[in-house]
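Listing of start_3.txt; format and content: compact mmCIF, C-alpha atoms.
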```
# COMPACT_ATOMS: atom_id res chain seq x y z
CA MET A 1 -13.34 -24.93 95.62
CA LYS A 2 -10.38 -24.40 93.31
CA ILE A 3 -11.96 -26.47 90.56
CA LYS A 4 -15.16 -24.58 90.92
CA GLY A 5 -13.28 -21.26 90.83
CA ILE A 6 -11.45 -22.19 87.69
CA ILE A 7 -14.67 -23.04 85.90
CA LYS A 8 -16.18 -19.83 87.16
CA ASP A 9 -13.17 -17.80 85.82
CA ASN A 10 -13.76 -19.17 82.23
CA GLU A 11 -17.33 -18.01 82.01
CA GLY A 12 -17.87 -15.92 78.78
CA PHE A 13 -14.81 -17.32 77.00
CA ALA A 14 -16.88 -18.68 74.12
CA LEU A 15 -18.45 -15.27 73.59
CA ILE A 16 -15.07 -13.55 73.49
CA LEU A 17 -13.70 -16.17 71.09
CA ALA A 18 -16.71 -15.72 68.85
CA LEU A 19 -16.25 -11.95 68.82
CA VAL A 20 -12.58 -12.32 67.97
CA VAL A 21 -13.38 -14.73 65.12
CA MET A 22 -16.12 -12.44 63.85
CA ALA A 23 -13.77 -9.45 63.96
CA ALA A 24 -11.13 -11.41 62.07
CA MET A 25 -13.65 -12.53 59.46
CA THR A 26 -14.93 -8.99 59.12
CA ALA A 27 -11.39 -7.73 58.59
CA ILE A 28 -10.76 -10.44 56.02
CA GLY A 29 -14.03 -9.60 54.29
CA ILE A 30 -13.24 -5.89 54.21
CA GLY A 31 -9.75 -6.65 52.93
CA ALA A 32 -11.13 -8.92 50.25
CA LEU A 33 -13.66 -6.26 49.26
CA LEU A 34 -10.98 -3.59 49.10
CA LEU A 35 -8.70 -5.89 47.15
CA SER A 36 -11.52 -6.76 44.76
CA THR A 37 -12.36 -3.10 44.29
CA THR A 38 -8.71 -2.29 43.67
CA ASP A 39 -8.43 -5.15 41.18
CA MET A 40 -11.53 -3.88 39.42
CA LEU A 41 -10.08 -0.37 39.23
CA ILE A 42 -6.77 -1.72 37.93
CA ALA A 43 -8.58 -3.85 35.35
CA ARG A 44 -10.75 -0.94 34.26
CA ASN A 45 -7.76 1.38 34.01
CA ASP A 46 -5.88 -1.26 32.06
CA ARG A 47 -8.88 -1.74 29.76
CA ASP A 48 -9.22 2.01 29.21
CA ALA A 49 -5.49 2.36 28.58
CA LYS A 50 -5.54 -0.47 26.04
CA SER A 51 -8.69 0.90 24.40
CA ALA A 52 -7.09 4.35 24.15
CA PHE A 53 -3.94 2.84 22.63
CA TYR A 54 -5.92 0.76 20.12
CA LEU A 55 -7.95 3.84 19.17
CA ALA A 56 -4.77 5.85 18.62
CA GLU A 57 -3.30 3.00 16.60
CA THR A 58 -6.51 2.88 14.54
CA GLY A 59 -6.06 6.58 13.79
CA MET A 60 -2.53 5.90 12.60
CA GLU A 61 -3.66 3.05 10.36
CA GLU A 62 -6.49 5.14 8.94
CA ALA A 63 -4.06 7.94 8.19
CA LEU A 64 -1.90 5.46 6.26
CA GLY A 65 -4.93 4.22 4.36
CA ARG A 66 -6.23 7.70 3.57
CA THR A 67 -2.91 9.10 2.43
CA ASP A 68 -2.13 9.30 -1.26
CA LEU A 69 1.63 9.20 -1.70
CA PRO A 70 2.91 9.99 -5.20
CA LEU A 71 6.55 10.81 -5.77
CA SER A 72 6.27 14.48 -4.83
CA HIS A 73 3.83 15.36 -2.05
CA ALA A 74 1.38 13.45 0.11
CA ARG A 75 -2.34 14.16 0.22
CA PHE A 76 -5.33 12.59 1.85
CA VAL A 77 -7.55 10.82 -0.66
CA GLY A 78 -10.44 12.95 0.59
CA GLU A 79 -9.25 15.93 -1.43
CA THR A 80 -11.47 17.27 -4.20
CA PHE A 81 -11.03 16.24 -7.81
CA ALA A 82 -9.82 19.74 -8.70
CA GLU A 83 -7.21 19.65 -5.92
CA ARG A 84 -6.03 16.24 -7.09
CA GLN A 85 -5.73 17.36 -10.69
CA THR A 86 -3.77 20.46 -9.62
CA ARG A 87 -1.39 18.30 -7.59
CA ILE A 88 -0.88 15.79 -10.40
CA ALA A 89 -0.05 18.68 -12.72
CA GLY A 90 2.72 19.61 -10.29
CA THR A 91 1.43 23.11 -9.51
CA SER A 92 0.52 22.56 -5.87
CA THR A 93 2.91 21.99 -2.99
CA THR A 94 0.59 22.39 -0.01
CA PHE A 95 -1.52 19.85 1.78
CA ALA A 96 -5.12 19.72 0.63
CA ALA A 97 -5.95 18.29 4.04
CA ASP A 98 -3.57 17.45 6.83
CA SER A 99 -5.73 16.10 9.64
CA PHE A 100 -8.98 14.30 10.42
CA ASP A 101 -10.91 13.10 13.44
CA SER A 102 -13.47 10.42 14.13
CA SER A 103 -15.75 12.44 16.40
CA SER A 104 -18.60 12.18 13.93
CA LEU A 105 -18.24 8.44 13.45
CA ASN A 106 -20.01 5.69 15.35
CA LEU A 107 -16.93 3.64 16.13
CA GLY A 108 -18.48 1.22 18.58
CA MET A 109 -15.19 1.36 20.51
CA GLY A 110 -16.13 3.79 23.27
CA GLY A 111 -14.09 6.78 22.19
CA THR A 112 -12.70 8.91 19.39
CA TYR A 113 -9.38 9.44 17.66
CA GLY A 114 -7.75 11.99 15.40
CA ALA A 115 -4.58 12.15 13.33
CA THR A 116 -2.41 14.87 11.89
CA LEU A 117 0.00 14.46 8.97
CA SER A 118 3.03 16.71 8.58
CA TYR A 119 6.48 16.68 7.02
CA ALA A 120 9.23 15.36 9.26
CA THR A 121 11.92 17.99 9.77
CA GLU A 122 15.39 17.88 11.28
CA SER A 123 14.30 20.21 14.08
CA MET A 124 12.14 17.42 15.50
CA ALA A 125 14.03 15.74 18.31
CA ASP A 126 13.17 12.23 17.14
CA ALA A 127 13.69 12.79 13.41
CA TRP A 128 16.65 12.09 11.13
CA CYS A 129 19.46 14.41 10.13
CA ASP A 130 21.83 14.67 7.18
CA ASP A 131 24.30 16.91 9.09
CA ASP A 132 24.84 18.99 5.97
CA PRO A 133 28.18 20.81 5.58
CA VAL A 134 26.57 24.24 5.34
CA GLY A 135 26.81 24.55 9.09
CA ASN A 136 23.16 24.30 9.97
CA GLY A 137 23.70 20.95 11.59
CA CYS A 138 20.58 19.05 12.55
CA ASP A 139 18.71 21.82 14.30
CA ASN A 140 16.79 23.33 11.40
CA ASP A 141 13.50 22.92 9.55
CA GLU A 142 14.92 21.05 6.58
CA ILE A 143 12.51 18.35 5.45
CA VAL A 144 13.85 14.83 6.00
CA LEU A 145 14.22 12.90 2.75
CA TYR A 146 14.12 9.14 2.34
CA CYS A 147 17.67 8.58 1.10
CA LYS A 148 21.03 7.34 2.33
CA ASP A 149 22.34 10.84 3.15
CA PHE A 150 19.82 11.02 5.97
CA GLY A 151 21.01 7.75 7.45
CA PHE A 152 18.45 5.35 5.98
CA ILE A 153 19.87 1.96 5.10
CA GLY A 154 18.72 -0.86 2.84
CA THR A 155 18.99 -1.91 -0.78
CA GLU A 156 15.77 -0.10 -1.66
CA VAL A 157 16.91 3.27 -0.22
CA PRO A 158 17.96 5.79 -2.93
CA ARG A 159 21.68 6.61 -2.87
CA THR A 160 21.09 10.23 -3.80
CA CYS A 161 18.54 12.61 -2.36
CA THR A 162 18.01 14.46 -5.66
CA TYR A 163 14.82 12.54 -6.47
CA ALA A 164 14.06 11.20 -3.00
CA VAL A 165 10.61 11.41 -1.46
CA PRO A 166 10.00 13.28 1.81
CA VAL A 167 9.41 11.58 5.15
CA TYR A 168 6.06 12.21 6.82
CA ARG A 169 5.06 12.16 10.47
CA ILE A 170 1.67 10.98 11.71
CA ASP A 171 0.56 12.01 15.20
CA SER A 172 -2.53 10.11 16.28
CA THR A 173 -4.31 10.84 19.58
CA SER A 174 -7.35 9.25 21.17
CA ALA A 175 -9.70 9.54 24.16
CA THR A 176 -11.96 6.83 25.54
CA SER A 177 -15.52 7.50 26.58
CA PRO A 178 -16.73 8.06 29.25
CA SER A 179 -13.47 7.71 31.20
CA GLY A 180 -11.52 10.16 29.04
CA THR A 181 -8.34 8.09 29.07
CA GLU A 182 -5.96 9.45 26.44
CA ALA A 183 -3.18 7.93 24.36
CA SER A 184 -1.03 9.00 21.44
CA VAL A 185 1.02 7.23 18.78
CA ARG A 186 3.62 8.73 16.46
CA ALA A 187 4.68 7.14 13.19
CA TYR A 188 7.04 8.04 10.37
CA MET A 189 6.52 6.91 6.79
CA ALA A 190 7.68 7.54 3.25
CA ALA A 191 6.34 6.70 -0.18
CA SER A 192 7.61 3.40 -1.50
CA THR A 193 7.60 3.24 -5.30
CA LEU A 194 6.59 -0.17 -6.61
CA ASN A 195 9.10 -2.17 -8.63
CA VAL A 196 7.82 -2.23 -12.23
CA GLN A 197 11.02 -3.44 -13.91
CA PRO A 198 10.96 -7.14 -14.82
CA PRO A 199 14.12 -9.12 -13.96
CA ALA A 200 15.15 -9.20 -17.62
CA GLY A 201 13.63 -7.46 -20.59
CA ASP A 202 10.47 -5.39 -20.81
CA MET A 203 8.26 -8.47 -20.98
CA PHE A 204 8.94 -11.44 -18.74
CA SER A 205 7.31 -14.80 -18.16
CA ASN A 206 8.27 -17.51 -15.70
CA THR A 207 6.96 -20.09 -18.22
CA GLY A 208 6.95 -18.98 -21.86
CA ILE A 209 5.98 -16.37 -24.43
CA VAL A 210 4.15 -17.48 -27.58
CA ALA A 211 3.40 -15.19 -30.53
CA GLY A 212 0.69 -16.77 -32.66
CA GLY A 213 -1.06 -15.61 -35.83
CA GLY A 214 -2.09 -12.10 -36.74
CA SER A 215 0.03 -8.98 -36.88
CA THR A 216 1.57 -9.22 -33.45
CA SER A 217 4.38 -6.71 -33.00
CA VAL A 218 6.69 -6.70 -30.02
CA SER A 219 9.11 -3.82 -29.64
CA GLY A 220 11.37 -4.17 -26.64
CA SER A 221 13.32 -6.96 -25.02
CA VAL A 222 11.52 -10.15 -24.12
CA CYS A 223 12.57 -12.79 -21.64
CA SER A 224 11.10 -16.18 -20.82
CA GLU A 225 12.17 -19.74 -20.29
CA ASN A 226 10.65 -20.67 -23.64
CA THR A 227 9.88 -18.37 -26.60
CA THR A 228 7.92 -19.58 -29.63
CA ASN A 229 7.06 -17.99 -33.01
CA CYS A 230 8.42 -14.66 -31.87
CA ALA A 231 10.10 -12.45 -34.46
CA GLY A 232 12.07 -9.23 -34.07
CA ASP A 233 13.30 -8.59 -30.57
CA CYS A 234 11.72 -11.85 -29.45
CA ALA A 235 14.30 -13.72 -31.48
CA ASP A 236 16.95 -12.46 -29.07
CA ALA A 237 14.96 -13.31 -25.96
CA CYS A 238 17.01 -13.26 -22.79
CA PRO A 239 20.44 -12.46 -24.20
CA GLY A 240 23.06 -14.47 -22.38
CA SER A 241 21.14 -16.74 -20.08
CA TYR A 242 17.65 -16.99 -18.64
CA PRO A 243 17.67 -15.38 -15.17
CA GLY A 244 15.46 -18.03 -13.62
CA ASP A 245 12.04 -17.76 -12.06
CA ALA A 246 10.91 -14.53 -10.42
CA PHE A 247 9.13 -15.02 -7.11
CA MET A 248 6.12 -12.88 -7.96
CA ASP A 249 4.25 -12.84 -4.62
CA ASP A 250 6.31 -9.87 -3.45
CA TYR A 251 8.28 -8.90 -6.57
CA LEU A 252 6.59 -5.50 -6.80
CA GLY A 253 8.06 -4.59 -3.42
CA VAL A 254 4.93 -5.24 -1.35
CA ASP A 255 3.32 -8.57 -0.62
CA LEU A 256 0.33 -8.98 -2.96
CA THR A 257 -1.97 -9.67 -0.02
CA ASP A 258 -1.01 -6.32 1.52
CA LEU A 259 -0.98 -4.52 -1.81
CA LYS A 260 -4.66 -5.30 -2.24
CA ASN A 261 -5.37 -2.83 0.58
CA TYR A 262 -3.92 0.00 -1.51
CA ALA A 263 -5.86 -0.71 -4.68
CA ASP A 264 -7.75 2.20 -6.22
CA SER A 265 -11.47 2.38 -6.84
CA PRO A 266 -13.32 0.69 -8.45
CA SER A 267 -11.00 -2.15 -7.44
CA PRO A 268 -10.11 -4.28 -5.60
CA TYR A 269 -12.39 -6.76 -7.29
CA ASN A 270 -13.18 -10.00 -5.47
CA GLN A 271 -14.18 -12.17 -8.40
CA VAL A 272 -16.69 -14.88 -7.49
CA GLN A 273 -17.73 -16.13 -10.94
CA GLN A 274 -15.37 -18.25 -12.95
CA THR A 275 -15.18 -15.68 -15.77
CA VAL A 276 -15.98 -11.96 -15.50
CA THR A 277 -15.68 -9.15 -18.07
CA TYR A 278 -14.53 -5.89 -16.50
CA ASP A 279 -15.38 -2.29 -17.33
CA THR A 280 -12.18 -0.26 -17.75
CA SER A 281 -13.76 3.19 -17.90
CA ASP A 282 -12.30 4.19 -14.52
CA TRP A 283 -8.91 2.51 -14.70
CA GLY A 284 -6.73 5.60 -14.91
CA ASP A 285 -6.26 8.33 -17.48
CA PRO A 286 -3.83 7.57 -20.37
CA CYS A 287 -1.66 10.33 -21.79
CA PRO A 288 -3.10 12.31 -24.72
CA ALA A 289 -2.69 10.35 -27.94
CA GLY A 290 -0.10 11.53 -30.46
CA ASP A 291 -0.31 11.60 -34.24
CA ASP A 292 0.75 7.98 -34.55
CA ASP A 293 -1.29 6.78 -31.59
CA ASP A 294 -4.38 5.51 -33.37
CA LEU A 295 -6.26 2.49 -32.10
CA SER A 296 -8.03 1.90 -35.40
CA ASP A 297 -7.51 -1.45 -37.08
CA ALA A 298 -6.65 0.28 -40.34
CA ASP A 299 -3.70 2.12 -38.86
CA ILE A 300 -2.26 -0.88 -37.05
CA ASN A 301 -2.82 -3.31 -39.91
CA SER A 302 -1.56 -1.03 -42.68
CA ASP A 303 1.64 0.57 -41.50
CA ASN A 304 2.02 -0.38 -37.84
CA ASN A 305 2.96 3.18 -36.88
CA PHE A 306 3.69 2.29 -33.28
CA THR A 307 7.42 2.59 -32.71
CA SER A 308 9.76 3.41 -29.86
CA ASP A 309 9.53 7.05 -30.99
CA ASP A 310 6.00 7.11 -29.57
CA ILE A 311 7.15 6.23 -26.06
CA PRO A 312 8.02 9.77 -24.83
CA GLY A 313 4.43 10.80 -25.60
CA HIS A 314 3.24 8.32 -22.99
CA ILE A 315 5.17 9.74 -20.09
CA CYS A 316 2.90 12.26 -18.42
CA GLY A 317 1.51 13.16 -15.00
CA ASN A 318 -1.98 11.82 -15.63
CA GLU A 319 -3.77 9.86 -12.95
CA SER A 320 -2.46 6.33 -12.54
CA LYS A 321 -4.17 3.62 -10.54
CA ILE A 322 -3.50 0.27 -8.94
CA ILE A 323 -6.21 -1.99 -10.34
CA TYR A 324 -6.36 -5.25 -8.40
CA ILE A 325 -8.40 -8.29 -9.50
CA ASP A 326 -8.47 -11.11 -6.96
CA ASN A 327 -9.49 -14.05 -9.15
CA LEU A 328 -7.23 -16.94 -8.15
CA ASN A 329 -7.92 -19.96 -10.41
CA LYS A 330 -10.43 -17.85 -12.36
CA THR A 331 -10.36 -15.75 -15.55
CA ALA A 332 -10.70 -11.98 -15.87
CA LYS A 333 -11.66 -10.62 -19.29
CA VAL A 334 -11.11 -7.16 -20.76
CA THR A 335 -12.82 -6.53 -24.09
CA GLY A 336 -11.85 -2.92 -24.74
CA GLY A 337 -11.23 0.49 -23.24
CA SER A 338 -8.07 1.96 -21.80
CA GLY A 339 -6.23 2.63 -18.57
CA ARG A 340 -3.03 3.78 -16.93
CA GLY A 341 -1.33 2.33 -13.88
CA ILE A 342 -0.46 -1.12 -12.59
CA LEU A 343 -2.93 -3.88 -13.42
CA ILE A 344 -2.58 -6.81 -11.02
CA VAL A 345 -4.46 -10.06 -11.67
CA LYS A 346 -4.21 -13.01 -9.27
CA GLY A 347 -5.58 -15.53 -11.81
CA ASP A 348 -5.70 -15.50 -15.62
CA LEU A 349 -6.25 -12.43 -17.82
CA ASN A 350 -7.74 -12.47 -21.34
CA VAL A 351 -7.52 -9.19 -23.28
CA THR A 352 -9.44 -8.71 -26.53
CA GLY A 353 -10.96 -5.86 -28.53
CA ASN A 354 -9.50 -2.35 -28.69
CA PHE A 355 -7.62 -2.09 -25.41
CA TRP A 356 -4.95 0.48 -24.58
CA TRP A 357 -2.78 0.33 -21.47
CA GLU A 358 0.07 2.46 -20.11
CA GLY A 359 2.16 1.13 -17.23
CA MET A 360 2.53 -2.45 -16.08
CA ILE A 361 0.40 -5.57 -16.48
CA TYR A 362 1.19 -8.09 -13.74
CA VAL A 363 -0.52 -11.49 -13.96
CA MET A 364 -0.02 -14.35 -11.53
CA GLY A 365 -1.67 -16.79 -13.95
CA GLU A 366 -1.76 -16.81 -17.77
CA LEU A 367 -1.90 -13.66 -19.92
CA ASN A 368 -3.67 -13.93 -23.28
CA GLY A 369 -3.78 -11.03 -25.74
CA ASN A 370 -6.03 -11.45 -28.76
CA GLY A 371 -7.33 -8.36 -30.52
CA THR A 372 -6.26 -4.80 -31.13
CA VAL A 373 -4.27 -4.54 -27.92
CA VAL A 374 -1.64 -1.85 -27.37
CA VAL A 375 0.56 -1.81 -24.27
CA PHE A 376 3.13 0.88 -23.47
CA GLY A 377 5.27 -0.23 -20.53
CA THR A 378 6.11 -3.63 -19.07
CA MET A 379 4.48 -7.02 -18.59
CA MET A 380 5.08 -9.92 -16.22
CA ALA A 381 3.27 -13.23 -15.98
CA ASN A 382 3.87 -16.24 -13.80
CA ASN A 383 2.51 -18.55 -16.51
CA THR A 384 2.52 -18.30 -20.31
CA ILE A 385 2.01 -15.05 -22.24
CA ASN A 386 0.11 -15.74 -25.48
CA PHE A 387 -0.02 -13.07 -28.21
CA ASN A 388 -2.55 -13.61 -31.01
CA GLY A 389 -4.13 -11.06 -33.30
CA ASN A 390 -3.16 -7.41 -33.51
CA VAL A 391 -1.15 -7.10 -30.32
CA THR A 392 1.34 -4.26 -30.16
CA ALA A 393 3.60 -4.30 -27.13
CA LEU A 394 6.01 -1.39 -26.83
CA GLY A 395 8.30 -2.26 -23.96
CA SER A 396 9.27 0.81 -21.98
CA ILE A 397 10.74 0.90 -18.49
CA GLU A 398 10.44 4.70 -18.70
CA VAL A 399 6.65 4.60 -19.11
CA ALA A 400 6.23 2.01 -16.36
CA ALA A 401 8.54 3.95 -14.01
CA GLY A 402 6.64 7.16 -14.71
CA VAL A 403 3.43 5.41 -13.69
CA ALA A 404 5.04 3.96 -10.56
CA GLN A 405 6.22 7.41 -9.48
CA THR A 406 2.64 8.66 -9.37
CA ILE A 407 1.55 5.71 -7.22
CA GLY A 408 2.96 5.80 -3.71
CA ILE A 409 2.51 2.96 -1.22
CA PRO A 410 3.03 4.08 2.39
CA ARG A 411 6.17 2.53 3.82
CA MET A 412 6.31 2.51 7.61
CA LEU A 413 9.74 3.58 8.85
CA ARG A 414 9.10 3.44 12.58
CA TRP A 415 6.41 4.16 15.14
CA SER A 416 6.24 4.55 18.88
CA ARG A 417 3.77 5.09 21.68
CA GLN A 418 4.07 8.58 23.11
```
Would it be possible to restate this file's structure as structure tokens?
Amino acid sequence: MKIKGIIKDNEGFALILALVVMAAMTAIGIGALLLSTTDMLIARNDRDAKSAFYLAETGMEEALGRTDLPLSHARFVGETFAERQTRIAGTSTTFAADSFDSSSLNLGMGGTYGATLSYATESMADAWCDDDPVGNGCDNDEIVLYCKDFGFIGTEVPRTCTYAVPVYRIDSTSATSPSGTEASVRAYMAASTLNVQPPAGDMFSNTGIVAGGGSTSVSGSVCSENTTNCAGDCADACPGSYPGDAFMDDYLGVDLTDLKNYADSPSPYNQVQQTVTYDTSDWGDPCPAGDDDDLSDADINSDNNFTSDDIPGHICGNESKIIYIDNLNKTAKVTGGSGRGILIVKGDLNVTGNFWWEGMIYVMGELNGNGTVVVFGTMMANNTINFNGNVTALGSIEVAAGVAQTIGIPRMLRWSRQ
């Protein structure tokens, strides 16, 4: 009877066990579902947060790309031609445009961004301060200048603030769609003037400078490892000792690969053919020609009127450009025209015809001048510089520096996520 009673007392145990197991599995399933849903929400929030940040960062980068930074005041490149000419003439001190947004653009990123550009002032909690002795301290609206007095350090930072450029603040905000997740990024930048002074002399070559036949005239100091058939100042090439090779990939102050991003229209050129002749009609606006500034063959061949006295006439506020020709292992040809700015050529450059240039010519390959070529400013070449024909080179750091001061490359000082 006891055995039978025991068996009878265990009736339904399997059903109870099954219910318990089912309840446990249901709980596990619900937990897994909740966990999966939570993970999905976390992943989506993380995705939206990253997308918002990348959008804000894109706004900051676009602001850098759209900002024109000469020595004096920054402007967006979207300003009108009249506004630009007024600014270049030095008669305008206000922003032509100080903000933009991407709401009208099809970004393909699921959201929009906008950026605002303003001067950085001492009253901003995260800005710099010169703690001037007047007693104002740091809590005022004085514009922060990129110089050592404001605490900036580095060999490229100006010691005095007299001619320093202002510091600018970019505030970029974004919102994803459809979630509406927002993010903001703040950046500070200043205009970085490119280095247009060769390591020695007004004309410099890492290989050699050769003056061939014709009426080549070189006024200004010349420096190269080897100088041939060069009269006048060329005879005293590199007084003292040759300074050695210049590492030209970043000599201008910005890596050439990055500098290409700041080239002015119609460049940068991506040369595909082995040899291409370029139109120089939109390569900057040279200063008005003086009485002695005549490109005619008769003038140059008869009395060679170009002298150092002409140099001051080529320092003006006219539009200067960065013209960038990416032609590594290829040849770029210029057969006439004129321009003002910094001409950068990754390969070789052949200049012929009546060509007039103010500023700097910077060639990573070989530079050949053969024709009625007049250059006011400086030249650098990684390989040989060959002068043949009626080449007149008036070396002038002043002209090149004047050009560089009207071309500002944004220099990032710091940025942070807000």
- Query: How many Å separate atom CA of A:Ser416 from atom CA of A:Thr173?
  - Reply: 12.3 Å
- Message: To one decimal place in Å, what is the distance between atom CA of A:Ile407 and atom CA of A:Leu256?
- Response: 15.3 Å
Contacts of stretch 33-61 of chain A with stretch 111-122 of chain A up to 9 Å, shortest pair per row, all atoms listed in the file, as CSV:
```
residue,atom,partner,partner_atom,distance
A:Ser51,CA,A:Gly111,CA,8.3
A:Ala52,CA,A:Gly111,CA,7.7
A:Leu55,CA,A:Tyr113,CA,6.0
A:Ala56,CA,A:Tyr113,CA,5.9
A:Glu57,CA,A:Tyr113,CA,8.9
A:Thr58,CA,A:Tyr113,CA,7.8
A:Gly59,CA,A:Ala115,CA,5.8
A:Met60,CA,A:Ala115,CA,6.6
```
- 7 Å contact set for A:Thr228, all atoms listed in the file, chain neighbours under 4 positions out, as a ChimeraX atom specification: /A:209-211
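Shortest separation to A:Val185 among A:Glu61, A:Glu319, A:Glu398, A:Asp255 occurs at residue A:Glu61, atoms counted being all atoms listed in the file.
Taking all atoms listed in the file into account, A:Ala401 lies nearest to A:Glu358 out of the set A:Glu366, A:Asp326, A:Asp171, A:Glu358.
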- Task: Excluding stretch 380-391 of chain A and residues on its chain fewer than 4 positions from it, collect all residues at most 7 Å away from it, counting all atoms listed in the file, and give them as a ChimeraX atom specification.
- Result: /A:198,203-217,361-374
- Local residues around (11.0, -6.6, -1.9), at most 12 Å away, using all atoms listed in the file, as a ChimeraX atom specification: /A:154-157,192-196,246-256,411
- Item | 10 Å contact set for stretch 332-336 of chain A, all atoms listed in the file, chain neighbours under 6 positions out, as an NGL selection string | :A and (271 or 273-281 or 325-326 or 345-356 or 367-373)
Could you pull the residues within 9 Å of A:Gly180, counting all atoms listed in the file, minus those fewer than 2 positions along the same chain, as a PDB file with C-alpha atoms, in the coordinates of the input?
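Heads up, here's the output in around-v3.pdb:
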```pdb
ATOM      1  CA  ASP A  48      -9.220   2.010  29.210  1.00  0.00           C
ATOM      2  CA  ALA A  52      -7.090   4.350  24.150  1.00  0.00           C
ATOM      3  CA  GLY A 111     -14.090   6.780  22.190  1.00  0.00           C
ATOM      4  CA  SER A 174      -7.350   9.250  21.170  1.00  0.00           C
ATOM      5  CA  ALA A 175      -9.700   9.540  24.160  1.00  0.00           C
ATOM      6  CA  THR A 176     -11.960   6.830  25.540  1.00  0.00           C
ATOM      7  CA  SER A 177     -15.520   7.500  26.580  1.00  0.00           C
ATOM      8  CA  PRO A 178     -16.730   8.060  29.250  1.00  0.00           C
ATOM      9  CA  GLU A 182      -5.960   9.450  26.440  1.00  0.00           C
TER      10      GLU A 182
END
```
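Of the listed residues (A:Ser221, A:Thr26, A:Asn318, A:Ser172), A:Ser172 comes nearest to A:Gln418; the distances count only C-alpha atoms.
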- Tell me, in Å to one decimal, how far atom CA of A:Asp130 is from atom CA of A:Asp149. 5.6 Å
- Task: Could you tell me which of A:Ser123, A:Thr331, A:Thr38, A:Ser184 comes closest to A:Phe53 if we count only C-alpha atoms?
- Result: A:Ser184
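Using all atoms listed in the file, the shortest contact distance between A:Tyr54 and any of A:Ile30, A:Tyr168, A:Ala393, A:Arg417 is found at A:Arg417.
Using all atoms listed in the file, the smallest distance between any of A:Gly377, A:Gly201, A:Gly317, A:Pro288 and A:Ala400 comes from A:Gly377.
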N, CA and C atoms of stretch 252-266 of chain A, written as a CSV table (one decimal), in the first residue's frame:
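Writing the result to selection20.csv gives the following:
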```csv
chain,number,residue,atom,x,y,z
A,252,LEU,N,56.7,75.3,-47.9
A,252,LEU,CA,55.9,76.5,-47.9
A,252,LEU,C,55.1,76.7,-46.6
A,253,GLY,N,55.2,75.7,-45.7
A,253,GLY,CA,54.5,75.7,-44.4
A,253,GLY,C,53.3,74.8,-44.3
A,254,VAL,N,52.9,74.3,-45.4
A,254,VAL,CA,51.8,73.3,-45.5
A,254,VAL,C,52.2,72.2,-46.4
A,255,ASP,N,51.9,71.0,-46.0
A,255,ASP,CA,52.2,69.8,-46.9
A,255,ASP,C,51.6,70.0,-48.3
A,256,LEU,N,52.3,69.8,-49.4
A,256,LEU,CA,51.8,70.1,-50.7
A,256,LEU,C,50.5,69.3,-51.0
A,257,THR,N,50.4,68.1,-50.4
A,257,THR,CA,49.2,67.3,-50.6
A,257,THR,C,48.0,68.0,-50.0
A,258,ASP,N,48.2,68.6,-48.8
A,258,ASP,CA,47.1,69.4,-48.2
A,258,ASP,C,46.9,70.7,-48.9
A,259,LEU,N,48.0,71.3,-49.3
A,259,LEU,CA,47.8,72.7,-49.9
A,259,LEU,C,47.0,72.6,-51.2
A,260,LYS,N,47.0,71.5,-51.8
A,260,LYS,CA,46.2,71.4,-53.1
A,260,LYS,C,44.7,71.7,-52.8
A,261,ASN,N,44.2,71.4,-51.6
A,261,ASN,CA,42.8,71.6,-51.2
A,261,ASN,C,42.5,73.1,-51.1
A,262,TYR,N,43.5,73.9,-51.0
A,262,TYR,CA,43.3,75.4,-50.9
A,262,TYR,C,43.6,76.1,-52.2
A,263,ALA,N,43.8,75.4,-53.2
A,263,ALA,CA,44.1,76.1,-54.5
A,263,ALA,C,42.9,76.8,-55.0
A,264,ASP,N,43.2,77.9,-55.8
A,264,ASP,CA,42.1,78.7,-56.3
A,264,ASP,C,41.7,78.3,-57.7
A,265,SER,N,40.4,78.6,-58.0
A,265,SER,CA,39.9,78.3,-59.3
A,265,SER,C,40.7,79.2,-60.3
A,266,PRO,N,41.0,78.6,-61.5
A,266,PRO,CA,40.5,77.4,-62.1
A,266,PRO,C,41.4,76.1,-61.7
```
